[in-house]
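Okay, run.txt now, which holds compact mmCIF, C-alpha atoms:
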```
# COMPACT_ATOMS: atom_id res chain seq x y z
CA MET F 1449 79.60 67.21 131.27
CA TRP F 1450 76.52 69.12 130.07
CA PHE F 1451 78.40 72.41 130.45
CA SER F 1452 81.41 71.10 128.56
CA VAL F 1453 79.38 69.76 125.63
CA THR F 1454 77.30 72.95 125.42
CA THR F 1455 80.42 75.08 125.55
CA LEU F 1456 82.05 73.07 122.80
CA LEU F 1457 78.94 73.34 120.63
CA LEU F 1458 78.78 77.09 121.20
CA LEU F 1459 82.45 77.50 120.31
CA ALA F 1460 81.92 75.45 117.16
CA VAL F 1461 78.97 77.64 116.12
CA LEU F 1462 80.98 80.81 116.80
CA ALA F 1463 83.93 79.46 114.84
CA THR F 1464 81.68 78.57 111.90
CA ALA F 1465 80.12 82.03 111.95
CA GLN F 1466 83.54 83.65 112.17
CA ASN F 1467 84.88 81.61 109.24
CA LYS F 1468 81.79 82.50 107.20
CA LEU F 1469 82.33 86.18 107.99
CA ILE F 1470 86.01 86.00 107.03
CA ASN F 1471 85.21 84.22 103.77
CA GLU F 1472 82.32 86.49 102.78
CA PRO F 1473 83.25 88.39 99.60
CA LYS F 1474 84.32 91.96 100.35
CA VAL F 1475 83.69 95.10 98.33
CA PHE F 1476 86.21 97.82 99.12
CA CYS F 1477 85.19 101.28 97.92
CA TYR F 1478 87.93 103.86 97.51
CA TYR F 1479 86.90 107.46 98.03
CA ASN F 1480 89.14 110.51 97.77
CA GLY F 1481 87.50 113.02 100.09
CA LYS F 1482 88.69 115.95 97.96
CA ASP F 1483 86.49 114.63 95.12
CA THR F 1484 83.37 115.55 97.05
CA ILE F 1485 80.22 113.57 96.30
CA ARG F 1486 76.92 114.87 97.66
CA GLU F 1487 75.95 113.01 100.81
CA GLU F 1488 72.66 111.65 99.42
CA TRP F 1489 74.55 110.13 96.47
CA LEU F 1490 77.27 108.67 98.69
CA LEU F 1491 74.58 107.06 100.85
CA GLU F 1492 73.34 105.30 97.70
CA ALA F 1493 76.73 103.60 97.32
CA LEU F 1494 77.47 102.49 100.86
CA PRO F 1495 74.97 99.58 101.07
CA PHE F 1496 77.06 97.92 98.34
CA CYS F 1497 80.39 98.45 100.17
CA THR F 1498 81.73 96.33 103.01
CA HIS F 1499 84.69 98.69 103.44
CA LEU F 1500 85.18 102.37 102.64
CA ILE F 1501 88.81 103.35 102.02
CA TYR F 1502 89.03 107.09 102.65
CA GLY F 1503 91.95 109.03 101.25
CA TYR F 1504 94.34 110.33 101.47
CA ALA F 1505 96.93 110.71 104.19
CA ALA F 1506 100.59 111.55 103.74
CA ILE F 1507 104.00 111.44 105.35
CA ASP F 1508 105.45 114.56 106.96
CA PRO F 1509 109.00 114.67 105.53
CA TYR F 1510 110.32 116.46 108.63
CA ASN F 1511 109.35 113.91 111.25
CA SER F 1512 108.20 110.75 109.35
CA CYS F 1513 104.72 110.97 110.90
CA LEU F 1514 101.42 110.08 109.26
CA VAL F 1515 99.47 113.29 108.64
CA PRO F 1516 96.45 114.36 106.55
CA VAL F 1517 97.26 115.63 103.07
CA ASP F 1518 95.22 118.73 103.95
CA ASP F 1519 94.55 119.16 107.66
CA MET F 1520 92.32 122.19 107.05
CA PHE F 1521 90.08 119.95 105.01
CA ASP F 1522 90.07 116.79 107.13
CA CYS F 1523 90.80 117.68 110.76
CA ASP F 1524 88.71 119.13 113.59
CA HIS F 1525 90.29 122.58 113.35
CA GLY F 1526 89.28 122.70 109.66
CA ARG F 1527 86.25 121.37 107.80
CA GLY F 1528 86.22 118.12 109.77
CA HIS F 1529 85.87 115.60 106.95
CA TYR F 1530 87.41 112.80 109.03
CA ARG F 1531 84.63 113.14 111.61
CA GLY F 1532 82.04 113.43 108.87
CA ILE F 1533 83.11 110.26 107.09
CA ILE F 1534 83.30 108.26 110.33
CA SER F 1535 79.78 109.42 111.26
CA LEU F 1536 78.48 107.35 108.32
CA LYS F 1537 78.93 104.26 110.51
CA GLU F 1538 75.90 105.40 112.50
CA GLN F 1539 73.75 104.64 109.44
CA PHE F 1540 75.83 101.67 108.28
CA PRO F 1541 77.05 99.95 111.46
CA GLY F 1542 78.54 97.02 109.52
CA LEU F 1543 80.70 99.30 107.37
CA LYS F 1544 84.42 99.43 108.10
CA ILE F 1545 86.18 102.69 107.27
CA LEU F 1546 89.93 102.70 106.74
CA LEU F 1547 92.31 105.58 106.11
CA SER F 1548 94.60 105.25 103.09
CA ILE F 1549 98.06 106.72 102.70
CA GLY F 1550 99.81 107.48 99.42
CA PHE F 1551 98.30 106.32 96.13
CA HIS F 1552 100.24 109.10 94.34
CA LYS F 1553 98.05 111.67 96.09
CA ASP F 1554 100.84 112.72 98.45
CA TRP F 1555 102.62 115.47 96.55
CA ASN F 1556 104.36 116.92 99.61
CA GLU F 1557 107.99 116.69 98.47
CA PRO F 1558 110.30 114.96 98.62
CA LEU F 1559 108.61 111.75 97.49
CA GLU F 1560 111.76 109.87 98.56
CA LYS F 1561 110.35 110.17 102.09
CA TYR F 1562 108.46 106.91 101.48
CA LEU F 1563 111.83 105.19 101.35
CA THR F 1564 113.50 107.36 104.00
CA VAL F 1565 110.85 106.51 106.61
CA LEU F 1566 111.75 102.82 106.21
CA GLU F 1567 115.46 103.20 106.83
CA THR F 1568 115.77 103.45 110.62
CA HIS F 1569 113.99 102.01 113.62
CA TYR F 1570 113.35 105.57 114.83
CA THR F 1571 111.61 106.77 111.65
CA ARG F 1572 109.53 103.59 111.44
CA SER F 1573 108.48 104.05 115.08
CA GLN F 1574 107.52 107.65 114.40
CA PHE F 1575 105.28 106.51 111.57
CA VAL F 1576 103.72 103.61 113.49
CA ASN F 1577 102.97 105.65 116.61
CA SER F 1578 101.54 108.58 114.68
CA ALA F 1579 99.39 106.26 112.54
CA TYR F 1580 97.97 104.54 115.61
CA ALA F 1581 97.24 107.89 117.28
CA LEU F 1582 95.52 109.36 114.20
CA LEU F 1583 93.34 106.29 113.62
CA ARG F 1584 92.29 106.15 117.27
CA LYS F 1585 91.60 109.87 117.51
CA TYR F 1586 89.10 109.88 114.67
CA GLY F 1587 87.74 106.33 114.94
CA PHE F 1588 89.04 104.71 111.75
CA ASP F 1589 88.96 100.91 111.61
CA GLY F 1590 92.43 100.56 110.14
CA LEU F 1591 95.06 101.73 107.67
CA ASP F 1592 95.54 101.03 103.97
CA LEU F 1593 99.15 101.26 102.78
CA ALA F 1594 99.07 102.45 99.16
CA TRP F 1595 102.82 102.94 99.55
CA GLN F 1596 104.49 105.14 96.94
CA PHE F 1597 107.41 102.96 95.91
CA PRO F 1598 109.39 104.12 92.85
CA GLN F 1599 107.76 103.00 89.63
CA SER F 1600 109.52 100.70 87.20
CA ALA F 1601 110.37 102.02 83.75
CA PRO F 1602 107.80 101.33 81.01
CA LYS F 1603 108.13 97.97 79.35
CA PRO F 1604 109.00 98.04 75.65
CA SER F 1605 106.27 98.23 73.03
CA GLN F 1606 105.66 95.38 70.63
CA GLU F 1607 107.54 97.15 67.85
CA GLU F 1608 110.56 97.77 70.10
CA VAL F 1609 110.57 94.15 71.22
CA GLN F 1610 110.58 92.88 67.65
CA VAL F 1611 113.43 95.16 66.56
CA TRP F 1612 115.73 95.01 69.55
CA TRP F 1613 114.98 91.73 71.31
CA LEU F 1614 117.87 89.67 69.94
CA LYS F 1615 120.45 92.37 70.55
CA TYR F 1616 119.34 93.44 74.02
CA LYS F 1617 117.65 90.33 75.38
CA LYS F 1618 119.13 90.68 78.85
CA ILE F 1619 117.66 94.15 79.28
CA PHE F 1620 114.11 92.84 79.04
CA THR F 1621 114.45 89.88 81.38
CA ARG F 1622 113.83 92.09 84.41
CA GLU F 1623 112.03 95.36 85.04
CA SER F 1624 114.40 98.22 85.82
CA ILE F 1625 114.65 99.13 89.50
CA PRO F 1626 115.34 102.86 90.02
CA ASP F 1627 116.56 102.30 93.58
CA PRO F 1628 120.08 101.06 94.41
CA LYS F 1629 118.96 100.20 97.97
CA ALA F 1630 115.91 98.18 96.92
CA ASP F 1631 116.98 95.04 98.82
CA GLU F 1632 117.37 97.01 102.04
CA HIS F 1633 114.06 98.81 101.56
CA LYS F 1634 112.38 95.46 100.99
CA GLU F 1635 113.50 94.19 104.40
CA GLU F 1636 112.66 97.49 106.06
CA PHE F 1637 109.14 97.59 104.63
CA THR F 1638 108.58 94.10 106.03
CA ALA F 1639 109.69 95.41 109.42
CA LEU F 1640 107.33 98.39 109.17
CA VAL F 1641 104.34 96.18 108.36
CA ARG F 1642 105.23 93.83 111.21
CA ASP F 1643 105.47 96.74 113.67
CA LEU F 1644 102.16 98.21 112.48
CA GLU F 1645 100.36 94.88 112.86
CA TYR F 1646 101.77 94.38 116.36
CA THR F 1647 100.68 97.88 117.44
CA PHE F 1648 97.23 97.62 115.82
CA ARG F 1649 96.48 94.17 117.23
CA ALA F 1650 95.41 95.34 120.70
CA LYS F 1651 92.60 97.50 119.27
CA ASN F 1652 91.72 95.10 116.43
CA LEU F 1653 92.63 97.67 113.76
CA GLU F 1654 92.90 96.31 110.22
CA LEU F 1655 96.00 96.68 108.08
CA GLY F 1656 95.93 96.38 104.32
CA LEU F 1657 98.35 96.82 101.43
CA THR F 1658 97.43 98.28 98.06
CA VAL F 1659 99.95 97.27 95.39
CA LEU F 1660 100.01 100.18 92.98
CA PRO F 1661 100.55 99.72 89.23
CA HIS F 1662 104.15 99.55 87.98
CA VAL F 1663 105.69 98.75 91.35
CA ASN F 1664 108.26 95.98 91.04
CA THR F 1665 106.74 93.53 93.51
CA THR F 1666 109.75 91.22 93.48
CA ALA F 1667 112.08 94.11 94.35
CA TYR F 1668 110.09 95.68 97.18
CA LEU F 1669 107.67 93.18 98.68
CA ASP F 1670 108.68 90.01 100.50
CA VAL F 1671 105.26 88.43 100.09
CA PRO F 1672 105.66 85.30 102.29
CA LEU F 1673 106.90 87.44 105.20
CA LEU F 1674 104.34 90.21 104.72
CA ILE F 1675 101.15 88.31 104.23
CA ASP F 1676 100.62 87.00 107.78
CA ASN F 1677 100.71 90.60 109.03
CA LEU F 1678 98.11 91.88 106.56
CA ASN F 1679 94.34 91.55 106.59
CA TYR F 1680 94.21 91.94 102.83
CA VAL F 1681 96.20 92.92 99.77
CA HIS F 1682 94.59 94.96 96.99
CA LEU F 1683 96.00 94.31 93.55
CA ALA F 1684 95.53 97.51 91.54
CA ALA F 1685 95.91 95.43 88.38
CA PHE F 1686 95.02 98.17 85.93
CA ASP F 1687 96.76 100.98 84.02
CA GLN F 1688 99.16 98.37 82.66
CA GLN F 1689 99.25 100.54 79.53
CA THR F 1690 98.75 104.31 79.83
CA PRO F 1691 99.30 107.14 77.34
CA LEU F 1692 101.89 108.67 79.65
CA ARG F 1693 103.98 105.51 79.89
CA ASN F 1694 103.20 104.11 76.43
CA PRO F 1695 102.44 107.12 74.20
CA LYS F 1696 103.07 105.31 70.91
CA GLU F 1697 101.03 102.18 71.51
CA GLY F 1698 97.48 101.89 72.78
CA ASP F 1699 96.46 98.57 74.29
CA TYR F 1700 94.16 96.99 76.87
CA ALA F 1701 94.77 98.78 80.16
CA ALA F 1702 93.54 95.98 82.44
CA PRO F 1703 93.12 92.62 80.67
CA ILE F 1704 92.13 89.63 82.79
CA TYR F 1705 94.26 87.33 80.67
CA GLU F 1706 97.32 88.23 78.66
CA PRO F 1707 96.55 88.80 74.97
CA GLU F 1708 98.75 86.84 72.59
CA GLY F 1709 102.11 88.42 71.82
CA ARG F 1710 102.07 91.02 74.61
CA VAL F 1711 104.72 91.80 77.20
CA ALA F 1712 104.59 89.11 79.88
CA GLY F 1713 103.00 89.95 83.23
CA ASN F 1714 100.63 92.73 82.15
CA SER F 1715 97.43 90.96 83.14
CA ILE F 1716 95.25 90.33 86.17
CA GLU F 1717 95.84 86.60 85.95
CA ALA F 1718 99.63 87.00 86.09
CA LYS F 1719 99.49 89.23 89.16
CA VAL F 1720 96.98 87.07 91.03
CA ASN F 1721 98.98 83.92 90.31
CA TYR F 1722 102.18 85.57 91.55
CA TRP F 1723 100.65 86.27 94.95
CA LEU F 1724 99.06 82.83 95.17
CA ALA F 1725 102.40 81.20 94.31
CA ASN F 1726 104.00 83.17 97.16
CA GLN F 1727 101.87 81.67 99.92
CA THR F 1728 99.07 84.25 99.93
CA PRO F 1729 95.68 82.83 100.99
CA SER F 1730 93.26 83.50 98.17
CA ASN F 1731 90.72 85.12 100.50
CA LYS F 1732 93.25 87.86 101.33
CA ILE F 1733 93.61 88.91 97.68
CA ILE F 1734 91.27 91.70 96.60
CA LEU F 1735 90.99 92.47 92.88
CA GLY F 1736 91.11 96.16 92.01
CA ILE F 1737 88.72 97.42 89.29
CA PRO F 1738 88.92 100.98 87.91
CA THR F 1739 85.91 103.15 87.14
CA TYR F 1740 87.60 105.00 84.30
CA GLY F 1741 89.34 104.52 80.96
CA ARG F 1742 92.59 105.57 79.30
CA ALA F 1743 92.48 107.27 75.92
CA TRP F 1744 95.13 107.64 73.22
CA ARG F 1745 95.19 109.99 70.23
CA LEU F 1746 95.17 108.17 66.92
CA SER F 1747 97.85 109.04 64.37
CA GLU F 1748 98.18 108.72 60.60
CA ASN F 1749 99.87 105.36 61.18
CA SER F 1750 97.01 103.92 63.23
CA ASN F 1751 95.14 101.06 61.64
CA THR F 1752 91.51 101.68 60.74
CA THR F 1753 90.13 98.60 62.47
CA GLY F 1754 91.04 99.78 65.95
CA ILE F 1755 92.23 96.30 66.96
CA PRO F 1756 94.92 96.61 69.65
CA PRO F 1757 97.80 97.00 69.97
CA ILE F 1758 97.45 100.13 67.88
CA LYS F 1759 99.93 102.85 66.93
CA THR F 1760 99.08 106.12 68.66
CA ASP F 1761 100.37 109.62 69.31
CA GLY F 1762 100.17 110.21 73.05
CA ALA F 1763 97.22 110.99 75.27
CA TYR F 1764 93.83 112.14 74.05
CA MET F 1765 92.93 115.02 76.35
CA PRO F 1766 89.39 115.21 77.72
CA GLN F 1767 87.82 118.59 77.04
CA PHE F 1768 85.73 118.59 80.19
CA PHE F 1769 88.61 118.40 82.65
CA SER F 1770 92.38 118.45 82.51
CA ASP F 1771 94.21 115.15 82.69
CA SER F 1772 97.50 114.79 80.87
CA ASN F 1773 97.26 111.01 81.08
CA GLY F 1774 94.09 110.73 79.01
CA ARG F 1775 91.84 109.58 81.84
CA PHE F 1776 88.07 109.54 81.23
CA ARG F 1777 85.51 108.94 83.99
CA TRP F 1778 82.83 106.34 83.22
CA PRO F 1779 79.93 108.86 82.92
CA ASP F 1780 81.99 110.86 80.41
CA ILE F 1781 82.69 107.69 78.40
CA CYS F 1782 79.02 106.73 78.55
CA ALA F 1783 78.07 110.13 77.14
CA MET F 1784 80.27 109.45 74.09
CA LEU F 1785 78.56 106.16 73.20
CA PRO F 1786 75.59 105.96 70.79
CA SER F 1787 72.25 105.89 72.57
CA ALA F 1788 68.68 107.06 72.13
CA ALA F 1789 69.71 110.36 73.67
CA ASN F 1790 72.88 110.56 71.58
CA PRO F 1791 72.11 108.95 68.16
CA ASN F 1792 74.83 110.87 66.30
CA ALA F 1793 77.71 109.73 68.48
CA THR F 1794 80.80 108.79 66.48
CA PHE F 1795 82.60 106.90 69.25
CA THR F 1796 82.03 103.18 68.78
CA LYS F 1797 82.30 100.38 71.28
CA VAL F 1798 83.77 97.46 69.39
CA ASP F 1799 81.33 94.56 69.17
CA GLN F 1800 83.25 91.55 70.36
CA ASP F 1801 81.97 88.19 71.44
CA SER F 1802 81.49 87.91 75.20
CA ALA F 1803 84.37 85.46 75.54
CA THR F 1804 86.85 87.97 74.12
CA THR F 1805 85.43 90.86 76.14
CA GLY F 1806 85.59 88.73 79.28
CA ARG F 1807 89.23 87.85 78.70
CA PHE F 1808 90.68 91.20 77.72
CA GLY F 1809 88.20 93.99 78.37
CA VAL F 1810 86.32 96.69 76.51
CA TYR F 1811 87.65 99.21 74.01
CA GLY F 1812 86.27 101.72 71.57
CA PHE F 1813 87.53 104.25 69.06
CA GLN F 1814 86.63 107.18 66.85
CA LYS F 1815 88.40 107.71 63.53
CA PRO F 1816 89.90 111.11 62.77
CA ASN F 1817 87.65 113.48 60.83
CA HIS F 1818 89.55 114.93 57.89
CA GLN F 1819 86.46 116.34 56.14
CA GLY F 1820 86.04 119.63 57.89
CA ASN F 1821 86.09 119.87 61.67
CA GLY F 1822 89.50 118.25 62.01
CA LYS F 1823 88.59 116.22 65.09
CA PRO F 1824 91.45 113.89 66.07
CA GLY F 1825 90.90 110.20 66.35
CA ILE F 1826 90.64 108.53 69.74
CA TRP F 1827 91.28 104.99 70.98
CA MET F 1828 90.26 104.05 74.50
CA SER F 1829 90.52 101.06 76.80
CA TYR F 1830 87.93 101.38 79.54
CA GLU F 1831 85.68 99.68 82.05
CA ASP F 1832 81.89 99.50 81.88
CA PRO F 1833 79.36 97.54 83.96
CA GLU F 1834 79.75 94.49 81.69
CA SER F 1835 83.54 94.31 81.97
CA THR F 1836 83.30 95.00 85.70
CA SER F 1837 80.88 92.11 86.11
CA ASN F 1838 83.30 89.84 84.24
CA LYS F 1839 86.14 90.79 86.58
CA ALA F 1840 84.03 90.28 89.69
CA ALA F 1841 83.02 86.86 88.35
CA TYR F 1842 86.71 86.05 87.75
CA ALA F 1843 87.54 87.01 91.34
CA LYS F 1844 84.75 84.77 92.62
CA ALA F 1845 85.81 81.84 90.45
CA LYS F 1846 89.40 82.14 91.72
CA GLY F 1847 88.20 82.19 95.32
CA LEU F 1848 89.54 85.68 95.94
CA GLY F 1849 88.46 87.75 98.91
CA GLY F 1850 86.51 90.26 96.85
CA VAL F 1851 86.92 93.37 94.74
CA ALA F 1852 88.04 96.96 95.24
CA ILE F 1853 86.48 99.83 93.29
CA PHE F 1854 88.93 102.60 92.30
CA ASP F 1855 87.06 104.84 92.93
CA LEU F 1856 83.53 106.03 93.73
CA TYR F 1857 84.03 109.50 92.23
CA ASN F 1858 84.82 108.17 88.75
CA ASP F 1859 81.72 105.98 88.73
CA ASP F 1860 78.41 107.50 87.60
CA PHE F 1861 77.44 108.75 91.05
CA ALA F 1862 74.82 111.16 89.65
CA GLY F 1863 73.09 108.69 87.30
CA ARG F 1864 73.91 110.63 84.13
CA CYS F 1865 74.04 107.56 81.86
CA ASN F 1866 70.71 105.88 82.43
CA GLY F 1867 69.53 107.07 85.81
CA LEU F 1868 71.29 104.28 87.73
CA LEU F 1869 73.66 105.55 90.39
CA PHE F 1870 77.04 103.84 90.74
CA PRO F 1871 76.48 101.24 87.99
CA ILE F 1872 80.06 99.94 88.06
CA LEU F 1873 80.04 99.46 91.83
CA LYS F 1874 76.68 97.71 91.66
CA ALA F 1875 77.76 95.43 88.82
CA ALA F 1876 80.81 94.39 90.84
CA SER F 1877 78.91 93.77 94.06
CA GLN F 1878 76.25 91.66 92.33
CA ARG F 1879 78.84 89.24 90.91
CA SER F 1880 81.28 89.11 93.81
```
Please lay out the structure from this file as structure tokens.
Amino acid sequence: MWFSVTTLLLLAVLATAQNKLINEPKVFCYYNGKDTIREEWLLEALPFCTHLIYGYAAIDPYNSCLVPVDDMFDCDHGRGHYRGIISLKEQFPGLKILLSIGFHKDWNEPLEKYLTVLETHYTRSQFVNSAYALLRKYGFDGLDLAWQFPQSAPKPSQEEVQVWWLKYKKIFTRESIPDPKADEHKEEFTALVRDLEYTFRAKNLELGLTVLPHVNTTAYLDVPLLIDNLNYVHLAAFDQQTPLRNPKEGDYAAPIYEPEGRVAGNSIEAKVNYWLANQTPSNKIILGIPTYGRAWRLSENSNTTGIPPIKTDGAYMPQFFSDSNGRFRWPDICAMLPSAANPNATFTKVDQDSATTGRFGVYGFQKPNHQGNGKPGIWMSYEDPESTSNKAAYAKAKGLGGVAIFDLYNDDFAGRCNGLLFPILKAASQRS
């Protein structure tokens, strides 16, 4: 009897500890190995990460196998970055390191291979077996599927909705699906995830799904059937508006709640509620937070207040690096803001009350200069430590499993703003 009672008590303690571990908020840190960060700076970030998602892997279009994007960079016969990143676990034994595939970093044509690999039992098996072998060879703790499904067409701007809504109402009731076999691919992706989970189970490898922006979730993801086979799902609920997709209208890129009068569904709340309504345990949902902003070029028709949505003229190109989609890293945004070191800055963060900032996010703008230097105007929706803290607090209040930082390289890893390294990551981890 003594042995039975003691055993039961021990099992109860272990179960309690396990449940506590499962329910502990997670901080997933995405890191593209090609965006090399000096080791001493990376070591500064890792105490704030429970998981490191290392990217990126790809699909070989000739045999449907999982392969590195650049084997001369990552593999043993090259520079050995896989081994190097896994060696970090010696200093951080609690850190889990997963390999990520896709995330629009796999440019090895044809991109249709992400659909082709789903279509037969043979190609799915090729992928599953190669993924298992690659993870085991290098010691990764699992695989993150940032699967490159076809993107939906941009939703109409506010002006287009107002003009054409009555005539073309049916067009806007559903996002366009650029895939005539979407229903089949939906079933086949479910089968792939099931096969991966079954194969990974014996070695306790984790399997996660990153839902990329502008993927039609209803068309491609059977959430109730997928979720039991996934350890987590990352909602990359940002880039809802980008200069590439919405060149004529700048707006909040990642609002928590939907601003009045906007296209339905372009908010964190809408995406989280969709997954919750489809039988997803809240502790499996991880909220994605970007470490960058999107910038539009102001036009003659832009209003002078900067209040979104605002008429624009495509992407505002950063001068310090090339990005056709107007993407600015946080330290580059920080350098544009007025400060003691930069008192003459003309880029202004709009002073909103904290309730508004918490609901929709941060934006700033600079009016065009017509008095001499001809500088174009800029309007930008971005993340800073304050907005990041608000999103982490939202995730905690909703009972979500944690946050995911996209990504470490775009954070201020060198402390250029105020000497603090990785301020966005740290703001997220302190509120999660």
Got a sec: who's within 12 Å of F:Glu1492, counting only C-alpha atoms, leaving out chain neighbours fewer than 6 positions off, as a PyMOL selection string? chain F and resi 1485-1486+1536+1539-1540+1856+1860-1863+1868-1871+1873-1874
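Atom to atom, atom CA of F:Glu1472 and atom CA of F:Glu1645 stand 22.3 Å apart.
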Separation of atom CA of F:Ala1840 and atom CA of F:Gln1878, in Å? 8.3 Å
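For F:Arg1693, the list of residues within 12 Å, based on all atoms listed in the file and with local chain neighbours fewer than 6 positions off taken out, reads Gln1599, Ser1600, Ala1601, Pro1602, Lys1603, Pro1604, Ser1605, Pro1661, His1662, Asp1687, Asp1699, Ala1701, Arg1742, Trp1744, Asp1761, Gly1762, Ala1763, Ser1772, Asn1773 and Gly1774 of chain F.
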For the residues in the current selection, export C-alpha atoms as a PDB file, in the frame of the given file.
```pdb
ATOM      1  CA  GLN F1599     107.760 103.000  89.630  1.00  0.00           C
ATOM      2  CA  SER F1600     109.520 100.700  87.200  1.00  0.00           C
ATOM      3  CA  ALA F1601     110.370 102.020  83.750  1.00  0.00           C
ATOM      4  CA  PRO F1602     107.800 101.330  81.010  1.00  0.00           C
ATOM      5  CA  LYS F1603     108.130  97.970  79.350  1.00  0.00           C
ATOM      6  CA  PRO F1604     109.000  98.040  75.650  1.00  0.00           C
ATOM      7  CA  SER F1605     106.270  98.230  73.030  1.00  0.00           C
ATOM      8  CA  PRO F1661     100.550  99.720  89.230  1.00  0.00           C
ATOM      9  CA  HIS F1662     104.150  99.550  87.980  1.00  0.00           C
ATOM     10  CA  ASP F1687      96.760 100.980  84.020  1.00  0.00           C
ATOM     11  CA  ASP F1699      96.460  98.570  74.290  1.00  0.00           C
ATOM     12  CA  ALA F1701      94.770  98.780  80.160  1.00  0.00           C
ATOM     13  CA  ARG F1742      92.590 105.570  79.300  1.00  0.00           C
ATOM     14  CA  TRP F1744      95.130 107.640  73.220  1.00  0.00           C
ATOM     15  CA  ASP F1761     100.370 109.620  69.310  1.00  0.00           C
ATOM     16  CA  GLY F1762     100.170 110.210  73.050  1.00  0.00           C
ATOM     17  CA  ALA F1763      97.220 110.990  75.270  1.00  0.00           C
ATOM     18  CA  SER F1772      97.500 114.790  80.870  1.00  0.00           C
ATOM     19  CA  ASN F1773      97.260 111.010  81.080  1.00  0.00           C
ATOM     20  CA  GLY F1774      94.090 110.730  79.010  1.00  0.00           C
TER      21      GLY F1774
END
```
Selected residue of minimal separation from F:Gly1590 among F:Ala1630, F:Val1475, F:Leu1678, F:Leu1494, counting only C-alpha atoms: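 Of the candidates, the smallest distance to F:Gly1590 is held by F:Leu1678.
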May I have the residues within 10 Å of stretch 1781-1793 of chain F as a list in words, using all atoms listed in the file and disregarding those fewer than 4 positions away in the same chain? Tyr1740, Gly1741, Arg1775, Phe1776, Arg1777, Lys1797, Gly1812, Gln1814, Met1828, Tyr1830, Glu1831, Asp1832, Asp1860, Arg1864, Cys1865 and Asn1866 of chain F
Can you measure atom CA of F:Lys1839 to atom CA of F:Glu1706 for me? One decimal in Å is fine.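 If I compute the distance from atom CA of F:Lys1839 to atom CA of F:Glu1706, I get 13.9 Å.
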Shell around F:Phe1575 at 8 Å using all atoms listed in the file, local window under 6 positions removed, as an mmCIF file with C-alpha atoms, in the frame of the given file:
```
data_model
loop_
_atom_site.group_PDB
_atom_site.id
_atom_site.type_symbol
_atom_site.label_atom_id
_atom_site.label_comp_id
_atom_site.auth_asym_id
_atom_site.auth_seq_id
_atom_site.Cartn_x
_atom_site.Cartn_y
_atom_site.Cartn_z
ATOM 1 C CA SER F 1512 108.200 110.750 109.350
ATOM 2 C CA CYS F 1513 104.720 110.970 110.900
ATOM 3 C CA LEU F 1514 101.420 110.080 109.260
ATOM 4 C CA VAL F 1565 110.850 106.510 106.610
#
```
Quick one: residues within 9 Å of stretch 1709-1717 of chain F, all atoms listed in the file, excluding same-chain residues fewer than 2 positions away - as an MDAnalysis selection string? chainID F and resid 1603:1606 1609 1683:1686 1688:1689 1701:1707 1719:1722 1735 1757 1808
From F:Tyr1478, F:Tyr1510, F:Phe1496, F:Tyr1700, residue lying nearest F:Glu1557 [all atoms listed in the file]: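 Looking only at the distances to F:Glu1557, the closest residue turns out to be F:Tyr1510.
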Among listed residues F:Ser1548, F:Ser1837, F:Asn1731, F:Thr1498, nearest F:Tyr1530 (using only C-alpha atoms):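 Once distances to F:Tyr1530 are computed over only C-alpha atoms, the minimum belongs to F:Ser1548.
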When distances are computed from all atoms listed in the file, which of F:Ile1507, F:Val1517, F:Leu1583, F:Ile1826 shows the smallest separation from F:Arg1531? F:Leu1583
Closest of F:Ile1733, F:Leu1566, F:Leu1547, F:Ala1667 to F:Phe1637 - atom-to-atom distances counting only C-alpha atoms: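 Closest residue, counting only C-alpha atoms: F:Leu1566.
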Of the candidates F:Gly1867, F:Gly1806, F:Gly1847, F:Pro1779, which one gets nearest to F:Ser1730 if we count all atoms listed in the file?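 Result for the nearest residue to F:Ser1730: F:Gly1847.
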